[in-house]
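Visitor: Provided below: data_18.cif, containing mmCIF, N, CA, C and O atoms.
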data_model
#
loop_
_atom_site.label_atom_id
_atom_site.label_comp_id
_atom_site.auth_asym_id
_atom_site.auth_seq_id
_atom_site.Cartn_x
_atom_site.Cartn_y
_atom_site.Cartn_z
N MET L 1 -17.65 19.61 -12.44
CA MET L 1 -17.92 18.29 -11.91
C MET L 1 -16.92 17.27 -12.45
O MET L 1 -16.41 16.46 -11.71
N LEU L 2 -16.67 17.33 -13.75
CA LEU L 2 -15.74 16.40 -14.36
C LEU L 2 -14.33 16.60 -13.84
O LEU L 2 -13.61 15.62 -13.61
N ILE L 3 -13.95 17.83 -13.60
CA ILE L 3 -12.61 18.12 -13.10
C ILE L 3 -12.43 17.50 -11.71
O ILE L 3 -11.40 16.91 -11.41
N LYS L 4 -13.44 17.61 -10.89
CA LYS L 4 -13.38 17.02 -9.55
C LYS L 4 -13.28 15.50 -9.65
O LYS L 4 -12.56 14.86 -8.88
N TRP L 5 -13.99 14.90 -10.59
CA TRP L 5 -13.99 13.46 -10.78
C TRP L 5 -12.60 12.98 -11.20
O TRP L 5 -12.16 11.90 -10.82
N LEU L 6 -11.90 13.80 -11.97
CA LEU L 6 -10.57 13.43 -12.47
C LEU L 6 -9.44 13.83 -11.54
O LEU L 6 -8.28 13.52 -11.82
N ASP L 7 -9.73 14.51 -10.45
CA ASP L 7 -8.67 14.92 -9.52
C ASP L 7 -8.27 13.73 -8.65
O ASP L 7 -8.98 13.35 -7.73
N ALA L 8 -7.12 13.17 -8.96
CA ALA L 8 -6.64 11.99 -8.25
C ALA L 8 -5.39 12.29 -7.43
O ALA L 8 -4.68 11.38 -7.03
N SER L 9 -5.13 13.55 -7.16
CA SER L 9 -3.90 13.92 -6.47
C SER L 9 -3.84 13.31 -5.06
O SER L 9 -2.80 12.80 -4.65
N LYS L 10 -4.95 13.35 -4.34
CA LYS L 10 -4.96 12.77 -2.99
C LYS L 10 -4.78 11.25 -3.05
O LYS L 10 -4.09 10.68 -2.21
N ALA L 11 -5.38 10.62 -4.03
CA ALA L 11 -5.26 9.17 -4.17
C ALA L 11 -3.82 8.78 -4.50
O ALA L 11 -3.29 7.80 -3.96
N LYS L 12 -3.17 9.56 -5.36
CA LYS L 12 -1.77 9.29 -5.69
C LYS L 12 -0.88 9.45 -4.47
O LYS L 12 -0.02 8.61 -4.20
N GLU L 13 -1.08 10.52 -3.73
CA GLU L 13 -0.30 10.75 -2.50
C GLU L 13 -0.50 9.61 -1.51
O GLU L 13 0.45 9.15 -0.87
N PHE L 14 -1.74 9.17 -1.38
CA PHE L 14 -2.04 8.09 -0.46
C PHE L 14 -1.36 6.79 -0.90
O PHE L 14 -0.81 6.06 -0.07
N GLY L 15 -1.37 6.49 -2.19
CA GLY L 15 -0.71 5.30 -2.70
C GLY L 15 0.79 5.31 -2.41
O GLY L 15 1.36 4.30 -1.99
N ILE L 16 1.40 6.44 -2.61
CA ILE L 16 2.84 6.56 -2.33
C ILE L 16 3.10 6.43 -0.83
O ILE L 16 4.06 5.77 -0.42
N GLU L 17 2.23 7.02 -0.02
CA GLU L 17 2.38 6.93 1.44
C GLU L 17 2.27 5.47 1.91
O GLU L 17 3.02 5.04 2.77
N MET L 18 1.36 4.71 1.33
CA MET L 18 1.20 3.31 1.72
C MET L 18 2.40 2.48 1.29
O MET L 18 2.82 1.57 2.00
N ALA L 19 2.98 2.81 0.15
CA ALA L 19 4.21 2.12 -0.28
C ALA L 19 5.36 2.43 0.68
O ALA L 19 6.17 1.56 0.99
N GLU L 20 5.41 3.67 1.17
CA GLU L 20 6.43 4.05 2.15
C GLU L 20 6.29 3.24 3.44
O GLU L 20 7.27 2.76 3.99
N ILE L 21 5.05 3.10 3.90
CA ILE L 21 4.81 2.32 5.12
C ILE L 21 5.25 0.88 4.92
O ILE L 21 5.93 0.30 5.76
N LEU L 22 4.86 0.31 3.80
CA LEU L 22 5.24 -1.08 3.51
C LEU L 22 6.75 -1.22 3.43
O LEU L 22 7.33 -2.16 3.98
N ASP L 23 7.40 -0.28 2.80
CA ASP L 23 8.85 -0.33 2.66
C ASP L 23 9.55 -0.18 4.00
O ASP L 23 10.49 -0.91 4.30
N GLN L 24 9.08 0.72 4.83
CA GLN L 24 9.71 0.94 6.13
C GLN L 24 9.59 -0.28 7.02
O GLN L 24 10.50 -0.59 7.77
N ARG L 25 8.48 -0.97 6.94
CA ARG L 25 8.24 -2.09 7.83
C ARG L 25 8.72 -3.42 7.29
O ARG L 25 8.85 -4.38 8.06
N SER L 26 8.97 -3.52 6.00
CA SER L 26 9.39 -4.82 5.45
C SER L 26 10.64 -4.71 4.59
O SER L 26 10.92 -5.59 3.80
N SER L 27 11.37 -3.63 4.72
CA SER L 27 12.59 -3.46 3.93
C SER L 27 13.65 -4.46 4.38
O SER L 27 13.56 -5.09 5.42
N ILE L 28 14.66 -4.58 3.59
CA ILE L 28 15.76 -5.51 3.89
C ILE L 28 16.41 -5.13 5.22
O ILE L 28 16.74 -6.01 6.03
N GLU L 29 16.57 -3.84 5.46
CA GLU L 29 17.17 -3.41 6.71
C GLU L 29 16.31 -3.83 7.91
O GLU L 29 16.84 -4.26 8.93
N ALA L 30 15.00 -3.72 7.76
CA ALA L 30 14.10 -4.12 8.84
C ALA L 30 14.16 -5.63 9.04
O ALA L 30 14.13 -6.12 10.17
N GLN L 31 14.28 -6.38 7.95
CA GLN L 31 14.37 -7.82 8.06
C GLN L 31 15.66 -8.23 8.75
O GLN L 31 15.68 -9.17 9.54
N ILE L 32 16.75 -7.54 8.46
CA ILE L 32 18.02 -7.83 9.11
C ILE L 32 17.91 -7.52 10.60
O ILE L 32 18.40 -8.27 11.44
N LYS L 33 17.24 -6.42 10.93
CA LYS L 33 17.07 -6.03 12.33
C LYS L 33 16.33 -7.13 13.10
O LYS L 33 16.65 -7.41 14.25
N TYR L 34 15.36 -7.76 12.46
CA TYR L 34 14.55 -8.78 13.12
C TYR L 34 15.00 -10.20 12.75
O TYR L 34 14.28 -11.15 13.00
N GLN L 35 16.19 -10.34 12.20
CA GLN L 35 16.66 -11.63 11.73
C GLN L 35 16.78 -12.64 12.86
O GLN L 35 16.50 -13.81 12.68
N GLY L 36 17.16 -12.21 14.03
CA GLY L 36 17.30 -13.11 15.16
C GLY L 36 15.97 -13.52 15.75
O GLY L 36 15.89 -14.46 16.54
N LYS L 37 14.90 -12.85 15.38
CA LYS L 37 13.57 -13.15 15.89
C LYS L 37 13.03 -14.40 15.21
O LYS L 37 13.49 -14.81 14.16
N SER L 38 12.05 -15.01 15.82
CA SER L 38 11.46 -16.21 15.26
C SER L 38 10.65 -15.88 14.00
O SER L 38 10.26 -14.74 13.77
N ILE L 39 10.39 -16.90 13.22
CA ILE L 39 9.63 -16.72 11.98
C ILE L 39 8.23 -16.23 12.30
O ILE L 39 7.69 -15.38 11.60
N LYS L 40 7.63 -16.73 13.38
CA LYS L 40 6.28 -16.32 13.73
C LYS L 40 6.22 -14.84 14.06
O LYS L 40 5.26 -14.16 13.70
N LYS L 41 7.22 -14.32 14.73
CA LYS L 41 7.24 -12.89 15.04
C LYS L 41 7.37 -12.05 13.78
O LYS L 41 6.73 -11.01 13.65
N ASN L 42 8.19 -12.52 12.85
CA ASN L 42 8.32 -11.80 11.58
C ASN L 42 7.02 -11.85 10.79
O ASN L 42 6.63 -10.86 10.16
N GLU L 43 6.33 -12.99 10.81
CA GLU L 43 5.05 -13.10 10.13
C GLU L 43 4.02 -12.18 10.76
O GLU L 43 3.23 -11.55 10.06
N LYS L 44 4.01 -12.10 12.09
CA LYS L 44 3.07 -11.21 12.78
C LYS L 44 3.35 -9.75 12.43
O LYS L 44 2.43 -8.96 12.25
N ARG L 45 4.62 -9.39 12.34
CA ARG L 45 4.99 -8.01 11.97
C ARG L 45 4.54 -7.71 10.55
O ARG L 45 4.01 -6.63 10.25
N HIS L 46 4.68 -8.70 9.67
CA HIS L 46 4.25 -8.54 8.28
C HIS L 46 2.72 -8.40 8.22
O HIS L 46 2.21 -7.52 7.52
N GLU L 47 2.00 -9.23 8.95
CA GLU L 47 0.54 -9.14 8.99
C GLU L 47 0.09 -7.80 9.57
O GLU L 47 -0.87 -7.20 9.10
N ALA L 48 0.78 -7.34 10.60
CA ALA L 48 0.44 -6.07 11.24
C ALA L 48 0.61 -4.92 10.26
O ALA L 48 -0.17 -3.95 10.28
N THR L 49 1.60 -5.00 9.39
CA THR L 49 1.82 -3.96 8.38
C THR L 49 0.64 -3.89 7.43
O THR L 49 0.12 -2.81 7.14
N PHE L 50 0.18 -5.04 6.96
CA PHE L 50 -0.95 -5.05 6.04
C PHE L 50 -2.25 -4.63 6.73
O PHE L 50 -3.10 -3.98 6.12
N LEU L 51 -2.40 -4.97 8.00
CA LEU L 51 -3.57 -4.50 8.75
C LEU L 51 -3.55 -2.99 8.90
O LEU L 51 -4.58 -2.33 8.80
N LEU L 52 -2.38 -2.43 9.16
CA LEU L 52 -2.24 -0.98 9.27
C LEU L 52 -2.62 -0.30 7.95
O LEU L 52 -3.37 0.68 7.94
N ILE L 53 -2.14 -0.85 6.85
CA ILE L 53 -2.47 -0.29 5.54
C ILE L 53 -3.97 -0.40 5.30
O ILE L 53 -4.61 0.55 4.81
N GLU L 54 -4.56 -1.52 5.66
CA GLU L 54 -6.00 -1.71 5.48
C GLU L 54 -6.81 -0.71 6.30
O GLU L 54 -7.79 -0.14 5.82
N LYS L 55 -6.39 -0.46 7.53
CA LYS L 55 -7.08 0.51 8.38
C LYS L 55 -6.96 1.92 7.82
O LYS L 55 -7.92 2.69 7.82
N ARG L 56 -5.78 2.27 7.37
CA ARG L 56 -5.59 3.61 6.79
C ARG L 56 -6.40 3.78 5.50
O ARG L 56 -6.92 4.86 5.23
N LEU L 57 -6.51 2.71 4.75
CA LEU L 57 -7.31 2.75 3.53
C LEU L 57 -8.78 2.98 3.87
O LEU L 57 -9.46 3.76 3.21
N ALA L 58 -9.27 2.31 4.91
CA ALA L 58 -10.67 2.50 5.32
C ALA L 58 -10.93 3.95 5.71
O ALA L 58 -11.95 4.53 5.32
N LYS L 59 -10.00 4.55 6.45
CA LYS L 59 -10.15 5.96 6.83
C LYS L 59 -10.09 6.87 5.60
O LYS L 59 -10.83 7.84 5.50
N PHE L 60 -9.19 6.55 4.68
CA PHE L 60 -9.07 7.35 3.47
C PHE L 60 -10.34 7.28 2.64
O PHE L 60 -10.80 8.29 2.11
N LYS L 61 -10.93 6.09 2.55
CA LYS L 61 -12.16 5.93 1.78
C LYS L 61 -13.32 6.69 2.41
O LYS L 61 -14.20 7.18 1.70
N GLU L 62 -13.34 6.80 3.73
CA GLU L 62 -14.39 7.57 4.40
C GLU L 62 -14.29 9.06 4.07
O GLU L 62 -15.29 9.73 3.90
N ALA L 63 -13.06 9.55 4.00
CA ALA L 63 -12.85 10.97 3.77
C ALA L 63 -12.86 11.36 2.29
O ALA L 63 -13.10 12.51 1.96
N ASN L 64 -12.59 10.40 1.41
CA ASN L 64 -12.47 10.69 -0.02
C ASN L 64 -13.28 9.67 -0.82
O ASN L 64 -13.11 8.47 -0.64
N LYS L 65 -14.10 10.18 -1.70
CA LYS L 65 -14.87 9.29 -2.56
C LYS L 65 -13.95 8.80 -3.67
O LYS L 65 -13.36 9.60 -4.40
N LEU L 66 -13.84 7.47 -3.79
CA LEU L 66 -12.99 6.88 -4.82
C LEU L 66 -13.84 6.40 -5.97
O LEU L 66 -14.80 5.66 -5.79
N ASN L 67 -13.49 6.83 -7.17
CA ASN L 67 -14.15 6.32 -8.37
C ASN L 67 -13.15 5.44 -9.12
O ASN L 67 -12.04 5.22 -8.64
N ILE L 68 -13.54 4.95 -10.25
CA ILE L 68 -12.67 4.04 -11.01
C ILE L 68 -11.33 4.69 -11.33
O ILE L 68 -10.27 4.08 -11.17
N TYR L 69 -11.38 5.94 -11.76
CA TYR L 69 -10.15 6.64 -12.14
C TYR L 69 -9.22 6.84 -10.94
O TYR L 69 -8.02 6.58 -11.03
N THR L 70 -9.77 7.30 -9.81
CA THR L 70 -8.92 7.55 -8.64
C THR L 70 -8.37 6.26 -8.07
O THR L 70 -7.23 6.23 -7.58
N LYS L 71 -9.14 5.17 -8.14
CA LYS L 71 -8.63 3.87 -7.69
C LYS L 71 -7.46 3.43 -8.57
O LYS L 71 -6.45 2.93 -8.06
N ALA L 72 -7.60 3.63 -9.86
CA ALA L 72 -6.52 3.26 -10.79
C ALA L 72 -5.27 4.09 -10.52
O ALA L 72 -4.16 3.56 -10.53
N GLN L 73 -5.44 5.36 -10.26
CA GLN L 73 -4.30 6.22 -9.97
C GLN L 73 -3.64 5.85 -8.64
O GLN L 73 -2.41 5.86 -8.52
N LEU L 74 -4.44 5.53 -7.64
CA LEU L 74 -3.92 5.09 -6.35
C LEU L 74 -3.08 3.83 -6.53
O LEU L 74 -1.95 3.74 -6.04
N GLY L 75 -3.64 2.85 -7.25
CA GLY L 75 -2.93 1.60 -7.48
C GLY L 75 -1.65 1.80 -8.27
O GLY L 75 -0.61 1.21 -7.96
N SER L 76 -1.73 2.63 -9.28
CA SER L 76 -0.55 2.90 -10.10
C SER L 76 0.56 3.57 -9.29
O SER L 76 1.73 3.18 -9.38
N ALA L 77 0.20 4.55 -8.50
CA ALA L 77 1.20 5.25 -7.66
C ALA L 77 1.82 4.28 -6.66
O ALA L 77 3.04 4.29 -6.44
N PHE L 78 0.99 3.43 -6.07
CA PHE L 78 1.47 2.44 -5.10
C PHE L 78 2.44 1.46 -5.77
O PHE L 78 3.55 1.22 -5.28
N LYS L 79 2.02 0.91 -6.89
CA LYS L 79 2.84 -0.09 -7.59
C LYS L 79 4.20 0.49 -8.02
O LYS L 79 5.24 -0.11 -7.77
N TYR L 80 4.16 1.66 -8.64
CA TYR L 80 5.42 2.22 -9.14
C TYR L 80 6.32 2.74 -8.01
O TYR L 80 7.54 2.75 -8.15
N ALA L 81 5.73 3.12 -6.89
CA ALA L 81 6.55 3.48 -5.73
C ALA L 81 7.28 2.25 -5.21
O ALA L 81 8.45 2.32 -4.83
N LEU L 82 6.59 1.11 -5.19
CA LEU L 82 7.25 -0.14 -4.76
C LEU L 82 8.35 -0.53 -5.74
O LEU L 82 9.45 -0.93 -5.31
N LEU L 83 8.07 -0.43 -7.03
CA LEU L 83 9.09 -0.76 -8.02
C LEU L 83 10.30 0.16 -7.90
O LEU L 83 11.44 -0.29 -8.02
N ASP L 84 10.07 1.44 -7.65
CA ASP L 84 11.16 2.40 -7.49
C ASP L 84 12.00 2.08 -6.26
O ASP L 84 13.19 2.40 -6.22
N LYS L 85 11.38 1.46 -5.27
CA LYS L 85 12.11 1.11 -4.05
C LYS L 85 12.86 -0.21 -4.18
O LYS L 85 13.52 -0.65 -3.25
N GLY L 86 12.74 -0.87 -5.34
CA GLY L 86 13.51 -2.07 -5.59
C GLY L 86 12.76 -3.38 -5.42
O GLY L 86 13.36 -4.45 -5.51
N TYR L 87 11.47 -3.32 -5.16
CA TYR L 87 10.69 -4.55 -5.05
C TYR L 87 10.51 -5.14 -6.44
O TYR L 87 10.44 -4.41 -7.43
N ASP L 88 10.41 -6.46 -6.52
CA ASP L 88 10.27 -7.08 -7.83
C ASP L 88 8.86 -6.92 -8.39
O ASP L 88 7.93 -6.56 -7.67
N GLN L 89 8.74 -7.17 -9.67
CA GLN L 89 7.48 -6.96 -10.40
C GLN L 89 6.35 -7.80 -9.80
O GLN L 89 5.24 -7.30 -9.61
N GLU L 90 6.61 -9.07 -9.52
CA GLU L 90 5.56 -9.96 -9.02
C GLU L 90 5.01 -9.49 -7.67
O GLU L 90 3.80 -9.42 -7.48
N PHE L 91 5.90 -9.16 -6.75
CA PHE L 91 5.46 -8.68 -5.44
C PHE L 91 4.66 -7.39 -5.57
O PHE L 91 3.61 -7.23 -4.95
N SER L 92 5.15 -6.48 -6.40
CA SER L 92 4.48 -5.20 -6.59
C SER L 92 3.07 -5.39 -7.16
O SER L 92 2.13 -4.75 -6.70
N GLU L 93 2.94 -6.27 -8.12
CA GLU L 93 1.64 -6.50 -8.74
C GLU L 93 0.68 -7.18 -7.77
O GLU L 93 -0.49 -6.80 -7.68
N LYS L 94 1.15 -8.20 -7.05
CA LYS L 94 0.28 -8.90 -6.11
C LYS L 94 -0.16 -7.98 -4.98
O LYS L 94 -1.32 -8.00 -4.57
N THR L 95 0.73 -7.19 -4.48
CA THR L 95 0.41 -6.27 -3.39
C THR L 95 -0.54 -5.18 -3.88
O THR L 95 -1.48 -4.80 -3.16
N THR L 96 -0.34 -4.70 -5.07
CA THR L 96 -1.23 -3.69 -5.64
C THR L 96 -2.63 -4.27 -5.86
O THR L 96 -3.63 -3.61 -5.57
N THR L 97 -2.69 -5.49 -6.35
CA THR L 97 -3.98 -6.15 -6.53
C THR L 97 -4.70 -6.28 -5.19
O THR L 97 -5.90 -6.01 -5.09
N TRP L 98 -3.97 -6.68 -4.16
CA TRP L 98 -4.55 -6.77 -2.82
C TRP L 98 -5.11 -5.42 -2.37
O TRP L 98 -6.24 -5.33 -1.89
N LEU L 99 -4.33 -4.36 -2.57
CA LEU L 99 -4.75 -3.03 -2.15
C LEU L 99 -6.00 -2.59 -2.91
O LEU L 99 -6.95 -2.06 -2.31
N LEU L 100 -6.03 -2.83 -4.21
CA LEU L 100 -7.18 -2.42 -5.00
C LEU L 100 -8.43 -3.22 -4.66
O LEU L 100 -9.55 -2.68 -4.69
N LEU L 101 -8.26 -4.47 -4.30
CA LEU L 101 -9.43 -5.25 -3.86
C LEU L 101 -9.98 -4.73 -2.55
O LEU L 101 -11.19 -4.78 -2.30
N LYS L 102 -9.12 -4.20 -1.71
CA LYS L 102 -9.56 -3.60 -0.45
C LYS L 102 -10.27 -2.25 -0.67
O LYS L 102 -10.98 -1.77 0.19
N CYS L 103 -10.08 -1.67 -1.84
CA CYS L 103 -10.73 -0.38 -2.16
C CYS L 103 -12.20 -0.53 -2.44
O CYS L 103 -12.93 0.46 -2.43
N LYS L 104 -12.68 -1.73 -2.67
CA LYS L 104 -14.10 -1.92 -3.00
C LYS L 104 -14.99 -1.60 -1.84
O LYS L 104 -14.71 -1.64 -0.73
#
Just give me the structure of the file as structure tokens.
Guide:
Amino acid sequence: MLIKWLDASKAKEFGIEMAEILDQRSSIEAQIKYQGKSIKKNEKRHEATFLLIEKRLAKFKEANKLNIYTKAQLGSAFKYALLDKGYDQEFSEKTTTWLLLKCK
């Protein structure tokens, strides 16, 4: 029972996957691609990215029971994946906090 409680491999994979989605949709290259677009369109694209992550999180929570440990591992994997991709500390922390609040 304890081993199952401590198995956070799926949560870690999910955190990294969500960081990939965020990076693909809001990377510098994507921003350059949409540079000619209006600010409102870029804001809508940014909001749509977070809505997508929120929807995927809801599905993940339905399929996997998250406890304190797995939530922490998910957040840690997400945060460090963002940092590895070159995002700054403040953005990574704020986005991770947002994600973890959605885990409740």
Visitor: Quick one: residues within 8 Å of segment 50-58 of chain L, only N, CA, C and O atoms counted, chain neighbours fewer than 4 positions away excluded, as a PyMOL selection string?
Guide: chain L and resi 18+21-22+43-46+62-64+99+102-103
Visitor: For the residues in that selection, give me N, CA, C and O atoms as a PDB file, in the coordinates of the input.
Guide:
ATOM      1  N   MET L  18       1.360   4.710   1.330  1.00  0.00           N
ATOM      2  CA  MET L  18       1.200   3.310   1.720  1.00  0.00           C
ATOM      3  C   MET L  18       2.400   2.480   1.290  1.00  0.00           C
ATOM      4  O   MET L  18       2.820   1.570   2.000  1.00  0.00           O
ATOM      5  N   ILE L  21       5.050   3.100   3.900  1.00  0.00           N
ATOM      6  CA  ILE L  21       4.810   2.320   5.120  1.00  0.00           C
ATOM      7  C   ILE L  21       5.250   0.880   4.920  1.00  0.00           C
ATOM      8  O   ILE L  21       5.930   0.300   5.760  1.00  0.00           O
ATOM      9  N   LEU L  22       4.860   0.310   3.800  1.00  0.00           N
ATOM     10  CA  LEU L  22       5.240  -1.080   3.510  1.00  0.00           C
ATOM     11  C   LEU L  22       6.750  -1.220   3.430  1.00  0.00           C
ATOM     12  O   LEU L  22       7.330  -2.160   3.980  1.00  0.00           O
ATOM     13  N   GLU L  43       6.330 -12.990  10.810  1.00  0.00           N
ATOM     14  CA  GLU L  43       5.050 -13.100  10.130  1.00  0.00           C
ATOM     15  C   GLU L  43       4.020 -12.180  10.760  1.00  0.00           C
ATOM     16  O   GLU L  43       3.230 -11.550  10.060  1.00  0.00           O
ATOM     17  N   LYS L  44       4.010 -12.100  12.090  1.00  0.00           N
ATOM     18  CA  LYS L  44       3.070 -11.210  12.780  1.00  0.00           C
ATOM     19  C   LYS L  44       3.350  -9.750  12.430  1.00  0.00           C
ATOM     20  O   LYS L  44       2.430  -8.960  12.250  1.00  0.00           O
ATOM     21  N   ARG L  45       4.620  -9.390  12.340  1.00  0.00           N
ATOM     22  CA  ARG L  45       4.990  -8.010  11.970  1.00  0.00           C
ATOM     23  C   ARG L  45       4.540  -7.710  10.550  1.00  0.00           C
ATOM     24  O   ARG L  45       4.010  -6.630  10.250  1.00  0.00           O
ATOM     25  N   HIS L  46       4.680  -8.700   9.670  1.00  0.00           N
ATOM     26  CA  HIS L  46       4.250  -8.540   8.280  1.00  0.00           C
ATOM     27  C   HIS L  46       2.720  -8.400   8.220  1.00  0.00           C
ATOM     28  O   HIS L  46       2.210  -7.520   7.520  1.00  0.00           O
ATOM     29  N   GLU L  62     -13.340   6.800   3.730  1.00  0.00           N
ATOM     30  CA  GLU L  62     -14.390   7.570   4.400  1.00  0.00           C
ATOM     31  C   GLU L  62     -14.290   9.060   4.070  1.00  0.00           C
ATOM     32  O   GLU L  62     -15.290   9.730   3.900  1.00  0.00           O
ATOM     33  N   ALA L  63     -13.060   9.550   4.000  1.00  0.00           N
ATOM     34  CA  ALA L  63     -12.850  10.970   3.770  1.00  0.00           C
ATOM     35  C   ALA L  63     -12.860  11.360   2.290  1.00  0.00           C
ATOM     36  O   ALA L  63     -13.100  12.510   1.960  1.00  0.00           O
ATOM     37  N   ASN L  64     -12.590  10.400   1.410  1.00  0.00           N
ATOM     38  CA  ASN L  64     -12.470  10.690  -0.020  1.00  0.00           C
ATOM     39  C   ASN L  64     -13.280   9.670  -0.820  1.00  0.00           C
ATOM     40  O   ASN L  64     -13.110   8.470  -0.640  1.00  0.00           O
ATOM     41  N   LEU L  99      -4.330  -4.360  -2.570  1.00  0.00           N
ATOM     42  CA  LEU L  99      -4.750  -3.030  -2.150  1.00  0.00           C
ATOM     43  C   LEU L  99      -6.000  -2.590  -2.910  1.00  0.00           C
ATOM     44  O   LEU L  99      -6.950  -2.060  -2.310  1.00  0.00           O
ATOM     45  N   LYS L 102      -9.120  -4.200  -1.710  1.00  0.00           N
ATOM     46  CA  LYS L 102      -9.560  -3.600  -0.450  1.00  0.00           C
ATOM     47  C   LYS L 102     -10.270  -2.250  -0.670  1.00  0.00           C
ATOM     48  O   LYS L 102     -10.980  -1.770   0.190  1.00  0.00           O
ATOM     49  N   CYS L 103     -10.080  -1.670  -1.840  1.00  0.00           N
ATOM     50  CA  CYS L 103     -10.730  -0.380  -2.160  1.00  0.00           C
ATOM     51  C   CYS L 103     -12.200  -0.530  -2.440  1.00  0.00           C
ATOM     52  O   CYS L 103     -12.930   0.460  -2.430  1.00  0.00           O
TER      53      CYS L 103
END
Visitor: Based on DSSP run over this structure's backbone, return all residues of chain L in helix (DSSP H, G or I), as a ChimeraX atom specification.
Guide: /L:2-6,9-26,28-33,39-63,68-84,89-102
Visitor: Which is closest to Ala11 of chain L among L:Asp84, L:Glu90, L:Lys71, L:Leu101, if we use all atoms listed in the file?
Guide: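 Ranking L:Asp84, L:Glu90, L:Lys71, L:Leu101 by distance to Ala11 of chain L, first place goes to L:Lys71.
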Visitor: Just give me the gap between atom CA of Gly15 of chain L and atom O of Leu66 of chain L in Å, one decimal is fine.
Guide: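 Atom O of Leu66 of chain L lies at a distance of 14.4 Å from atom CA of Gly15 of chain L.
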Visitor: Just give me the gap between atom C of Tyr69 of chain L and atom N of Asp7 of chain L in Å, one decimal is fine.
Guide: 7.7 Å
Visitor: Would you list the contacts of segment 91-97 of chain L as a VMD selection string, taking every protein, DNA or RNA residue within 8 Å and counting all atoms listed in the file, but skipping same-chain residues closer than 2 positions in sequence?
Guide: chain L and resid 71 74 to 76 78 to 80 82 to 83 87 to 89 99 to 103
Visitor: In Å, rounded to a single decimal, give me how far atom N of Lys12 of chain L is from atom N of Ala77 of chain L.
Guide: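 One can read the atom N of Ala77 of chain L to atom N of Lys12 of chain L distance as 6.8 Å.
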